[in-house]
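Shown here: my_file_32.cif, mmCIF, C-alpha atoms.
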```cif
data_data
#
loop_
_atom_site.label_atom_id
_atom_site.label_comp_id
_atom_site.auth_asym_id
_atom_site.auth_seq_id
_atom_site.Cartn_x
_atom_site.Cartn_y
_atom_site.Cartn_z
CA MET B 1 94.39 159.02 96.07
CA LEU B 2 97.53 158.14 94.13
CA SER B 3 97.27 156.02 91.03
CA PRO B 4 99.13 152.70 91.11
CA ALA B 5 101.59 154.08 88.56
CA ARG B 6 102.37 157.10 90.72
CA LEU B 7 102.66 154.91 93.78
CA ALA B 8 105.16 152.71 91.96
CA LEU B 9 107.12 155.81 91.01
CA ALA B 10 107.10 157.01 94.61
CA ALA B 11 108.20 153.58 95.77
CA ALA B 12 111.08 153.58 93.31
CA PHE B 13 112.03 157.06 94.46
CA LEU B 14 112.02 156.00 98.10
CA LEU B 15 114.10 152.94 97.31
CA VAL B 16 116.70 155.14 95.66
CA LEU B 17 116.75 157.46 98.67
CA ARG B 18 116.97 154.61 101.17
CA PRO B 19 120.45 154.39 102.70
CA PRO B 20 122.37 151.25 101.71
CA ALA B 21 122.05 148.31 104.07
CA PRO B 22 124.91 148.25 106.56
CA ALA B 23 127.71 146.02 105.31
CA SER B 24 128.02 144.26 108.63
CA ALA B 25 129.28 140.71 108.32
CA ALA B 26 127.23 139.90 111.43
CA ARG B 27 124.31 139.18 109.08
CA PRO B 28 126.03 137.31 106.30
CA ILE B 29 124.18 135.82 103.38
CA VAL B 30 123.95 132.15 104.22
CA ASP B 31 122.95 129.06 102.32
CA ASP B 32 119.85 127.18 103.39
CA LYS B 33 120.19 125.17 106.58
CA PRO B 34 119.95 121.39 106.14
CA ALA B 35 117.06 119.55 107.79
CA PRO B 36 117.52 118.34 111.40
CA SER B 37 117.54 114.77 110.07
CA GLU B 38 120.72 115.61 108.13
CA ALA B 39 123.15 115.85 111.05
CA THR B 40 126.39 115.57 109.10
CA ALA B 41 125.20 118.08 106.52
CA THR B 42 124.27 120.46 109.32
CA ALA B 43 127.70 120.16 110.96
CA ARG B 44 129.43 120.88 107.64
CA TRP B 45 127.02 123.73 106.95
CA LEU B 46 127.91 125.37 110.28
CA ALA B 47 131.61 125.02 109.48
CA ALA B 48 131.17 126.38 105.95
CA GLN B 49 128.89 129.33 106.76
CA ASN B 50 130.54 130.74 109.88
CA THR B 51 133.72 132.81 109.68
CA TRP B 52 134.67 132.91 113.37
CA GLY B 53 134.34 130.81 116.50
CA VAL B 54 135.87 130.18 119.89
CA LEU B 55 139.06 128.15 120.12
CA SER B 56 139.65 126.69 123.58
CA THR B 57 142.99 125.44 124.82
CA ILE B 58 144.56 124.24 128.05
CA SER B 59 146.01 127.48 129.40
CA SER B 60 149.69 127.64 130.29
CA ASP B 61 149.20 131.08 131.88
CA LEU B 62 146.29 129.86 134.03
CA ASN B 63 147.76 126.61 135.35
CA GLY B 64 145.86 124.26 133.08
CA ALA B 65 142.45 125.92 133.21
CA PRO B 66 140.53 126.02 129.92
CA PHE B 67 140.91 129.25 127.93
CA GLY B 68 138.53 130.22 125.13
CA ASN B 69 139.54 132.84 122.57
CA VAL B 70 137.68 134.43 119.65
CA VAL B 71 139.34 133.52 116.36
CA SER B 72 138.62 133.72 112.65
CA TYR B 73 138.92 130.63 110.49
CA SER B 74 138.10 129.14 107.11
CA ASP B 75 137.31 125.59 106.03
CA GLY B 76 137.79 126.41 102.35
CA LEU B 77 136.85 128.80 99.59
CA PRO B 78 133.23 129.98 99.70
CA GLY B 79 131.08 127.13 98.42
CA GLU B 80 133.99 124.69 98.58
CA GLY B 81 134.34 123.98 102.29
CA HIS B 82 136.14 120.77 103.25
CA GLY B 83 135.22 120.83 106.94
CA ILE B 84 138.73 121.24 108.36
CA PRO B 85 139.10 124.61 110.07
CA TYR B 86 142.30 126.54 109.31
CA PHE B 87 143.44 129.39 111.55
CA TYR B 88 145.90 132.28 111.25
CA LEU B 89 147.41 132.80 114.67
CA THR B 90 150.38 134.52 116.25
CA THR B 91 152.24 133.37 119.35
CA LEU B 92 151.81 136.92 120.64
CA ASP B 93 148.39 135.52 121.57
CA PRO B 94 148.05 132.90 124.34
CA THR B 95 145.98 130.48 122.22
CA ALA B 96 148.81 129.66 119.80
CA ARG B 97 151.31 129.40 122.68
CA ASP B 98 148.96 127.06 124.56
CA ALA B 99 148.46 124.84 121.52
CA LEU B 100 152.19 124.52 120.92
CA ALA B 101 152.55 123.29 124.52
CA ASP B 102 149.41 121.10 124.56
CA GLU B 103 147.67 120.32 121.28
CA ARG B 104 144.30 119.43 122.82
CA THR B 105 141.83 121.99 121.50
CA SER B 106 138.10 122.58 121.17
CA PHE B 107 136.55 124.74 118.46
CA THR B 108 132.99 125.93 118.94
CA LEU B 109 130.52 127.39 116.45
CA SER B 110 126.97 128.63 116.80
CA GLU B 111 124.20 129.00 114.26
CA PHE B 112 122.97 132.08 116.10
CA PRO B 113 125.21 134.73 114.52
CA LEU B 114 124.19 133.51 111.04
CA GLY B 115 120.75 134.97 111.74
CA THR B 116 118.88 131.78 110.85
CA CYS B 117 117.74 131.03 114.41
CA GLY B 118 115.36 134.01 114.32
CA LYS B 119 113.72 134.46 117.70
CA ILE B 120 114.84 131.04 118.94
CA ASP B 121 117.17 131.31 121.93
CA PRO B 122 120.89 130.63 121.25
CA GLU B 123 120.80 127.82 123.86
CA ASN B 124 117.67 126.21 122.40
CA PRO B 125 118.72 122.86 120.86
CA THR B 126 117.08 123.76 117.55
CA CYS B 127 119.53 126.67 117.17
CA ALA B 128 122.42 124.47 116.05
CA LYS B 129 125.78 124.36 117.80
CA LEU B 130 128.90 122.48 116.84
CA THR B 131 132.00 121.66 118.87
CA LEU B 132 134.96 120.07 117.12
CA ASN B 133 137.56 118.59 119.45
CA GLY B 134 141.00 117.45 118.42
CA LYS B 135 144.61 118.53 118.10
CA LEU B 136 145.69 121.95 116.87
CA LYS B 137 148.61 121.42 114.49
CA LEU B 138 150.99 123.81 112.80
CA VAL B 139 150.82 123.63 109.00
CA ASP B 140 154.23 123.70 107.30
CA LEU B 141 154.32 127.03 105.45
CA GLN B 142 156.25 125.40 102.58
CA SER B 143 153.63 122.69 101.99
CA PRO B 144 150.91 122.67 99.29
CA GLU B 145 148.38 122.46 102.15
CA ALA B 146 149.60 125.85 103.38
CA ASP B 147 148.84 127.39 99.99
CA LEU B 148 145.31 125.97 100.09
CA ALA B 149 144.83 127.12 103.68
CA LYS B 150 146.10 130.64 102.92
CA SER B 151 143.80 130.89 99.95
CA ALA B 152 140.86 129.68 102.07
CA LEU B 153 141.70 132.10 104.89
CA PHE B 154 142.51 135.18 102.82
CA THR B 155 139.40 134.81 100.66
CA LYS B 156 137.06 134.84 103.66
CA HIS B 157 139.24 137.24 105.68
CA PRO B 158 140.80 139.65 103.15
CA GLU B 159 142.47 141.86 105.75
CA MET B 160 144.60 138.95 107.04
CA LYS B 161 147.07 139.22 104.20
CA ASP B 162 147.92 142.74 105.39
CA TRP B 163 148.40 141.84 109.05
CA PRO B 164 151.81 142.82 110.45
CA LYS B 165 154.62 140.60 109.16
CA ASN B 166 156.54 141.04 112.42
CA HIS B 167 153.73 139.29 114.32
CA HIS B 168 154.80 136.08 112.55
CA PHE B 169 151.34 134.66 111.95
CA LYS B 170 151.33 130.93 111.40
CA ILE B 171 148.74 128.60 109.91
CA PHE B 172 147.20 126.03 112.22
CA LYS B 173 144.61 123.38 111.52
CA LEU B 174 142.39 121.31 113.73
CA GLU B 175 142.83 117.57 113.38
CA ILE B 176 139.32 116.54 114.32
CA GLU B 177 138.90 113.62 116.72
CA ASN B 178 135.47 114.22 118.24
CA ILE B 179 132.32 115.96 116.98
CA PHE B 180 129.55 117.31 119.19
CA LEU B 181 126.53 118.60 117.28
CA ILE B 182 123.22 119.69 118.72
CA ASP B 183 120.65 120.72 116.14
CA TRP B 184 117.40 119.35 117.56
CA PHE B 185 115.83 117.97 120.72
CA GLY B 186 117.16 114.68 122.07
CA GLY B 187 120.84 115.29 122.71
CA PRO B 188 123.96 115.40 120.58
CA LYS B 189 124.00 113.63 117.22
CA PRO B 190 126.61 110.92 116.73
CA ILE B 191 128.92 111.94 113.86
CA SER B 192 132.32 110.35 113.32
CA PRO B 193 135.24 112.43 112.01
CA SER B 194 135.31 110.32 108.83
CA GLN B 195 131.57 110.83 108.22
CA TYR B 196 132.11 114.56 108.70
CA LEU B 197 135.21 114.83 106.50
CA GLU B 198 133.93 112.57 103.73
CA PHE B 199 130.55 114.25 103.51
CA GLY B 200 129.85 115.51 100.00
CA ARG B 201 133.04 114.15 98.46
CA ASN B 202 131.08 112.35 95.77
CA GLN B 203 128.60 115.14 95.24
CA HIS B 204 129.06 118.23 93.13
CA SER B 205 129.64 121.30 95.29
CA VAL B 206 127.16 120.33 97.98
CA MET B 207 128.00 123.37 100.04
CA SER B 208 127.78 125.93 97.27
CA SER B 209 124.89 128.30 97.15
CA MET P 210 105.62 164.83 89.47
CA LEU P 211 104.25 164.11 92.89
CA SER P 212 103.82 166.95 95.32
CA PRO P 213 105.75 166.70 98.61
CA ALA P 214 102.45 166.06 100.43
CA ARG P 215 101.55 163.18 98.14
CA LEU P 216 105.06 161.80 98.41
CA ALA P 217 104.79 161.88 102.20
CA LEU P 218 101.45 160.07 101.95
CA ALA P 219 102.98 157.47 99.66
CA ALA P 220 105.91 157.07 102.03
CA ALA P 221 103.56 156.53 104.96
CA PHE P 222 101.58 154.02 102.91
CA LEU P 223 104.73 152.12 102.00
CA LEU P 224 105.90 152.10 105.59
CA VAL P 225 102.60 150.52 106.63
CA LEU P 226 102.88 147.95 103.86
CA ARG P 227 106.51 147.20 104.52
CA PRO P 228 106.95 143.81 106.17
CA PRO P 229 108.23 144.07 109.74
CA ALA P 230 111.99 143.90 110.13
CA PRO P 231 113.12 140.34 110.86
CA ALA P 232 113.17 139.88 114.61
CA SER P 233 116.50 138.12 114.54
CA ALA P 234 118.40 138.68 117.76
CA ALA P 235 121.59 138.34 115.70
CA ARG P 236 121.35 142.08 115.08
CA PRO P 237 120.31 143.32 118.52
CA ILE P 238 119.96 146.99 119.31
CA VAL P 239 123.11 147.77 121.24
CA ASP P 240 124.28 150.69 123.30
CA ASP P 241 127.24 152.73 122.10
CA LYS P 242 130.61 151.03 122.49
CA PRO P 243 132.97 152.70 124.97
CA ALA P 244 136.23 154.18 123.67
CA PRO P 245 139.29 151.88 123.48
CA SER P 246 140.85 153.89 126.31
CA GLU P 247 137.99 152.73 128.57
CA ALA P 248 138.98 149.08 128.92
CA THR P 249 136.86 148.22 131.98
CA ALA P 250 133.83 149.94 130.47
CA THR P 251 134.35 147.96 127.27
CA ALA P 252 134.55 144.65 129.14
CA ARG P 253 131.32 145.42 131.02
CA TRP P 254 129.68 146.60 127.80
CA LEU P 255 130.49 143.28 126.10
CA ALA P 256 129.02 141.38 129.06
CA ALA P 257 125.91 143.57 129.15
CA GLN P 258 125.15 143.65 125.42
CA ASN P 259 125.73 140.03 124.45
CA THR P 260 123.19 137.32 125.26
CA TRP P 261 125.25 134.22 124.48
CA GLY P 262 128.86 133.06 124.51
CA VAL P 263 131.05 129.98 124.69
CA LEU P 264 131.58 128.30 128.04
CA SER P 265 134.67 126.10 128.14
CA THR P 266 135.28 123.40 130.70
CA ILE P 267 137.73 120.58 131.35
CA SER P 268 135.96 117.67 129.70
CA SER P 269 135.26 114.53 131.69
CA ASP P 270 134.13 112.71 128.54
CA LEU P 271 137.31 113.66 126.63
CA ASN P 272 139.93 112.84 129.26
CA GLY P 273 140.63 116.39 130.39
CA ALA P 274 140.67 118.10 126.98
CA PRO P 275 139.03 121.53 126.85
CA PHE P 276 135.40 121.55 125.70
CA GLY P 277 133.63 124.72 124.52
CA ASN P 278 129.84 124.87 124.37
CA VAL P 279 127.42 127.55 123.18
CA VAL P 280 125.34 128.87 126.08
CA SER P 281 122.98 131.74 126.81
CA TYR P 282 123.58 133.96 129.83
CA SER P 283 122.61 137.19 131.50
CA ASP P 284 124.56 139.59 133.71
CA GLY P 285 121.41 141.41 134.84
CA LEU P 286 118.27 143.11 133.64
CA PRO P 287 118.68 145.13 130.43
CA GLY P 288 120.46 148.37 131.34
CA GLU P 289 121.29 147.03 134.81
CA GLY P 290 124.11 144.59 134.18
CA HIS P 291 126.38 143.76 137.10
CA GLY P 292 129.06 141.96 135.11
CA ILE P 293 128.61 138.49 136.65
CA PRO P 294 127.34 136.02 134.05
CA TYR P 295 124.52 133.73 135.18
CA PHE P 296 123.69 130.56 133.25
CA TYR P 297 120.74 128.14 133.09
CA LEU P 298 122.16 124.69 132.50
CA THR P 299 121.09 121.07 132.74
CA THR P 300 123.34 118.15 133.60
CA LEU P 301 121.91 116.45 130.52
CA ASP P 302 124.55 118.62 128.85
CA PRO P 303 128.28 117.87 129.32
CA THR P 304 129.18 121.46 130.31
CA ALA P 305 127.27 121.38 133.60
CA ARG P 306 128.54 117.87 134.38
CA ASP P 307 132.12 118.97 133.67
CA ALA P 308 131.79 122.04 135.90
CA LEU P 309 130.43 119.97 138.80
CA ALA P 310 133.53 117.76 138.53
CA ASP P 311 136.05 120.58 137.89
CA GLU P 312 134.95 124.19 138.44
CA ARG P 313 137.64 125.76 136.25
CA THR P 314 135.82 127.49 133.42
CA SER P 315 136.38 130.05 130.69
CA PHE P 316 133.61 132.21 129.24
CA THR P 317 134.23 133.93 125.92
CA LEU P 318 132.36 136.79 124.25
CA SER P 319 132.87 138.59 120.96
CA GLU P 320 131.80 142.02 119.81
CA PHE P 321 131.31 140.66 116.31
CA PRO P 322 127.75 139.32 116.63
CA LEU P 323 126.62 142.69 118.02
CA GLY P 324 127.17 144.12 114.54
CA THR P 325 129.35 147.01 115.74
CA CYS P 326 132.57 145.68 114.17
CA GLY P 327 131.19 146.40 110.71
CA LYS P 328 133.62 145.13 108.08
CA ILE P 329 136.44 144.67 110.58
CA ASP P 330 137.51 141.02 110.86
CA PRO P 331 136.37 139.15 114.01
CA GLU P 332 140.02 138.41 114.86
CA ASN P 333 141.16 142.02 114.36
CA PRO P 334 142.08 143.38 117.82
CA THR P 335 139.80 146.40 117.37
CA CYS P 336 136.79 144.04 117.21
CA ALA P 337 136.63 143.50 120.96
CA LYS P 338 136.82 140.10 122.62
CA LEU P 339 136.48 139.21 126.27
CA THR P 340 137.41 136.02 128.10
CA LEU P 341 136.39 135.67 131.74
CA ASN P 342 138.12 132.83 133.58
CA GLY P 343 137.14 131.52 136.97
CA LYS P 344 135.04 128.95 138.78
CA LEU P 345 131.57 127.92 137.69
CA LYS P 346 129.43 127.66 140.83
CA LEU P 347 125.92 126.38 141.43
CA VAL P 348 123.59 129.07 142.82
CA ASP P 349 121.34 127.84 145.65
CA LEU P 350 117.83 127.93 144.18
CA GLN P 351 116.43 129.03 147.58
CA SER P 352 118.72 132.06 147.84
CA PRO P 353 117.80 135.69 147.04
CA GLU P 354 120.62 135.60 144.47
CA ALA P 355 118.76 132.87 142.60
CA ASP P 356 115.71 135.13 142.33
CA LEU P 357 117.84 137.93 140.89
CA ALA P 358 119.59 135.52 138.52
CA LYS P 359 116.29 134.03 137.33
CA SER P 360 114.89 137.47 136.71
CA ALA P 361 118.04 138.47 134.81
CA LEU P 362 118.00 135.26 132.73
CA PHE P 363 114.27 135.08 132.00
CA THR P 364 114.08 138.74 130.97
CA LYS P 365 116.77 138.36 128.32
CA HIS P 366 115.78 134.76 127.44
CA PRO P 367 111.98 134.59 127.79
CA GLU P 368 111.66 131.01 126.53
CA MET P 369 113.83 129.66 129.36
CA LYS P 370 110.97 129.76 131.86
CA ASP P 371 109.09 127.26 129.68
CA TRP P 372 111.97 124.83 129.23
CA PRO P 373 111.15 121.25 130.33
CA LYS P 374 110.94 120.88 134.11
CA ASN P 375 112.19 117.31 133.90
CA HIS P 376 115.51 118.55 132.53
CA HIS P 377 116.17 120.00 136.00
CA PHE P 378 117.83 123.21 134.83
CA LYS P 379 120.03 124.77 137.49
CA ILE P 380 121.46 128.26 137.85
CA PHE P 381 125.22 128.63 137.69
CA LYS P 382 127.38 131.71 137.97
CA LEU P 383 130.97 132.44 137.06
CA GLU P 384 133.14 133.58 139.94
CA ILE P 385 135.58 135.68 137.96
CA GLU P 386 139.29 135.32 138.73
CA ASN P 387 140.96 136.48 135.52
CA ILE P 388 139.95 138.88 132.77
CA PHE P 389 141.36 138.89 129.24
CA LEU P 390 140.17 141.79 127.09
CA ILE P 391 141.44 142.76 123.68
CA ASP P 392 139.83 145.86 122.25
CA TRP P 393 142.72 147.59 120.49
CA PHE P 394 146.25 147.02 119.19
CA GLY P 395 148.95 146.30 121.75
CA GLY P 396 147.80 143.17 123.55
CA PRO P 397 145.32 142.39 126.31
CA LYS P 398 144.31 145.15 128.72
CA PRO P 399 145.01 144.57 132.40
CA ILE P 400 141.70 144.57 134.28
CA SER P 401 141.34 143.08 137.76
CA PRO P 402 138.14 141.29 138.80
CA SER P 403 137.45 144.00 141.39
CA GLN P 404 137.88 146.80 138.83
CA TYR P 405 135.49 144.93 136.56
CA LEU P 406 132.87 144.16 139.22
CA GLU P 407 132.98 147.58 140.86
CA PHE P 408 132.77 149.48 137.61
CA GLY P 409 129.81 151.85 137.61
CA ARG P 410 128.71 151.11 141.18
CA ASN P 411 128.76 154.78 142.07
CA GLN P 412 127.34 155.96 138.79
CA HIS P 413 123.71 156.06 137.79
CA SER P 414 122.89 153.21 135.40
CA VAL P 415 126.07 153.50 133.40
CA MET P 416 125.11 150.59 131.23
CA SER P 417 121.61 151.72 130.40
CA SER P 418 120.78 153.01 126.99
#
```

Before anything else, please render the file you have as structure tokens.
Amino acid sequence: MLSPARLALAAAFLLVLRPPAPASAARPIVDDKPAPSEATATARWLAAQNTWGVLSTISSDLNGAPFGNVVSYSDGLPGEGHGIPYFYLTTLDPTARDALADERTSFTLSEFPLGTCGKIDPENPTCAKLTLNGKLKLVDLQSPEADLAKSALFTKHPEMKDWPKNHHFKIFKLEIENIFLIDWFGGPKPISPSQYLEFGRNQHSVMSS
Amino acid sequence: MLSPARLALAAAFLLVLRPPAPASAARPIVDDKPAPSEATATARWLAAQNTWGVLSTISSDLNGAPFGNVVSYSDGLPGEGHGIPYFYLTTLDPTARDALADERTSFTLSEFPLGTCGKIDPENPTCAKLTLNGKLKLVDLQSPEADLAKSALFTKHPEMKDWPKNHHFKIFKLEIENIFLIDWFGGPKPISPSQYLEFGRNQHSVMSS
């Protein structure tokens, strides 16, 4: 048999030979999930850890039917999320056009793509899901908020800054009016927009890893 | 140095010792993605490979605003998808209540959680996204279709069959009226519901791996 020393050497050799892990962002490195008793923390964690979700509008093209679209977003620099999702959208896409005609919007996030639900089904209430409802607003590109939003977006989505200028991407933000969080059995947790937005303000980098 | 035979033995030993890969369904094993020129195939591939998406309704609770919710679904047995998404929903949840009051529904899927977009941003048009719009209909639990739908759902979501009986889960399906697929530059691809539903009917298990 092999001596432990030789086995260690072989192990090291195999580790060197092993191909690098795929760099897929579908299995990001995520911070620890808050406990189910910490509903507001869990909502903010979902917003901080995810990088994409589904933005639903009232469709102009489809006579007022709902229309959900996959979008990227950021609620802040990594570890410094503020809970407000910012988006980088073009009116070449129906979602931005819809929102400019009717601001009512729903933004939906799942814990499932973070990988922390394991074998639990995506619809199981313990695999957390968050829906933020409110109004999708244009952010004035000349405002200080736009600089913060751009920095938040381009840090989490580096390729955005190279997207075609002639597509006239604009920054939108969701003004949150209603929060629907399911992270355990027993129905949605009651969280007010102010509870959500003020969470962690008096703590030091609560969302940082 | 170790001989090749001993190295092979060590490798086998390490493989046995190696902890099993995490069983997270966030990195499922997926079939090869069709080429961007194959729009209908890509739409059906997204429906067949994903297991969850966001179902958006017109919200009764929020005065007609859109409301997106994370749901599981199945379009058929693995390798035998038919393109029609079936859902297992309870009216304890607002989505089912909304749909019973207003059938207009949008169902949104992303390629991103499949892991095949790699480092491409979720909003990049080459990371495919599919939105199926139509009417969310109850499936009669006594019908043969309900048996097929249950089989499709419970195979991909084994825990569903053990979900609480007193939650009165019902089977819904999306009657597709409009298809929005982006899988490349240049805007959404025109796909009719009949093209989508008839895709592969005359081929042998086109969606199987």

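Between chain B and its sequence-identical counterpart chain P, the C-alpha RMSD after optimal superposition is 0.6 Å.
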
Please, which residues in chain P fall within 7 Å of chain B when counting only C-alpha atoms, and what is the closest atom pair and distance in Å to one decimal for each, ordered by chain then residue number, as a tab-separated table?
```
residue	atom	partner	partner_atom	distance
P:Leu216	CA	B:Ala10	CA	6.4
P:Ala219	CA	B:Leu7	CA	6.4
P:Ala232	CA	B:Lys119	CA	6.3
P:Ser233	CA	B:Gly118	CA	4.3
P:Ala234	CA	B:Lys119	CA	6.3
P:Ala235	CA	B:Pro113	CA	5.2
P:Trp261	CA	B:Pro122	CA	6.5
P:Val263	CA	B:Val54	CA	6.8
P:Ser265	CA	B:Pro66	CA	6.1
P:Thr266	CA	B:Pro66	CA	5.9
P:Ile267	CA	B:Pro66	CA	6.3
P:Ala274	CA	B:Arg104	CA	5.7
P:Pro275	CA	B:Pro66	CA	5.6
P:Phe276	CA	B:Ser106	CA	5.4
P:Gly277	CA	B:Thr108	CA	5.7
P:Asn278	CA	B:Thr108	CA	6.4
P:Val279	CA	B:Lys129	CA	6.5
P:Val280	CA	B:Glu123	CA	5.2
P:Ser281	CA	B:Glu123	CA	5.4
P:Arg313	CA	B:Ala65	CA	5.7
P:Thr314	CA	B:Pro66	CA	6.0
P:Ser315	CA	B:Phe67	CA	5.4
P:Phe316	CA	B:Gly68	CA	6.7
P:Thr317	CA	B:Gly68	CA	5.7
P:Ser319	CA	B:Val70	CA	6.5
P:Phe321	CA	B:Ala26	CA	6.4
P:Pro322	CA	B:Ala26	CA	5.3
P:Gly324	CA	B:Ala26	CA	5.2
P:Gly327	CA	B:Ser24	CA	4.4
P:Lys328	CA	B:Ser24	CA	5.7
P:Asp330	CA	B:His157	CA	6.6
P:Pro331	CA	B:Ser72	CA	6.0
P:Glu332	CA	B:Val71	CA	5.2
P:Lys338	CA	B:Val70	CA	6.5
P:Thr340	CA	B:Gly68	CA	6.6
P:His366	CA	B:Asp121	CA	6.6
```

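The nearest approach to Leu383 (chain P) among the residues P:Lys346, P:Lys242, P:Arg253, P:Arg306, with only C-alpha atoms taken into account, belongs to P:Lys346.
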
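Going from CA of Ala35 (chain B) to CA of Ile84 (chain B) covers 21.7 Å.
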
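Within the 8 Å cut-off around region 168-173 of chain B, using only C-alpha atoms and omitting residues fewer than 2 positions from it on the same chain, the listed residues are B:Ile84, B:Pro85, B:Tyr86, B:Phe87, B:Tyr88, B:Leu89, B:Thr90, B:Thr91, B:Leu136, B:Lys137, B:Leu138, B:Val139, B:Asp140, B:Leu141, B:Ala146, B:Ala149, B:Lys150, B:Pro164, B:Lys165, B:Asn166, B:Glu175.
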
My structure is short of atoms at region 37-43 of chain B; please model all heavy atoms there, returning them as an mmCIF file, keeping the file's coordinate frame.
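Saved file part.cif follows:
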```cif
data_model
loop_
_atom_site.group_PDB
_atom_site.id
_atom_site.type_symbol
_atom_site.label_atom_id
_atom_site.label_comp_id
_atom_site.auth_asym_id
_atom_site.auth_seq_id
_atom_site.Cartn_x
_atom_site.Cartn_y
_atom_site.Cartn_z
ATOM 1 N N SER B 37 117.224 116.184 110.286
ATOM 2 C CA SER B 37 117.540 114.770 110.070
ATOM 3 C C SER B 37 118.907 114.592 109.382
ATOM 4 O O SER B 37 119.450 113.497 109.353
ATOM 5 C CB SER B 37 116.450 114.112 109.221
ATOM 6 O OG SER B 37 116.330 114.807 107.988
ATOM 7 N N GLU B 38 119.444 115.673 108.849
ATOM 8 C CA GLU B 38 120.720 115.610 108.130
ATOM 9 C C GLU B 38 121.839 116.145 109.021
ATOM 10 O O GLU B 38 122.342 117.254 108.823
ATOM 11 C CB GLU B 38 120.634 116.443 106.836
ATOM 12 C CG GLU B 38 119.521 116.033 105.896
ATOM 13 C CD GLU B 38 119.792 114.684 105.242
ATOM 14 O OE1 GLU B 38 120.972 114.289 105.155
ATOM 15 O OE2 GLU B 38 118.819 114.013 104.846
ATOM 16 N N ALA B 39 122.213 115.365 110.025
ATOM 17 C CA ALA B 39 123.150 115.850 111.050
ATOM 18 C C ALA B 39 124.513 116.201 110.457
ATOM 19 O O ALA B 39 125.064 117.271 110.737
ATOM 20 C CB ALA B 39 123.296 114.812 112.154
ATOM 21 N N THR B 40 125.057 115.311 109.645
ATOM 22 C CA THR B 40 126.390 115.570 109.100
ATOM 23 C C THR B 40 126.374 116.800 108.191
ATOM 24 O O THR B 40 127.278 117.640 108.240
ATOM 25 C CB THR B 40 126.914 114.341 108.336
ATOM 26 O OG1 THR B 40 126.771 113.187 109.181
ATOM 27 C CG2 THR B 40 128.367 114.494 107.968
ATOM 28 N N ALA B 41 125.336 116.904 107.391
ATOM 29 C CA ALA B 41 125.200 118.080 106.520
ATOM 30 C C ALA B 41 125.116 119.352 107.355
ATOM 31 O O ALA B 41 125.688 120.389 106.987
ATOM 32 C CB ALA B 41 123.967 117.933 105.633
ATOM 33 N N THR B 42 124.419 119.280 108.470
ATOM 34 C CA THR B 42 124.270 120.460 109.320
ATOM 35 C C THR B 42 125.610 120.864 109.942
ATOM 36 O O THR B 42 125.946 122.046 110.004
ATOM 37 C CB THR B 42 123.221 120.200 110.427
ATOM 38 O OG1 THR B 42 121.986 119.854 109.796
ATOM 39 C CG2 THR B 42 123.016 121.424 111.300
ATOM 40 N N ALA B 43 126.371 119.858 110.386
ATOM 41 C CA ALA B 43 127.700 120.160 110.960
ATOM 42 C C ALA B 43 128.581 120.837 109.915
ATOM 43 O O ALA B 43 129.224 121.866 110.193
ATOM 44 C CB ALA B 43 128.346 118.872 111.469
#
```
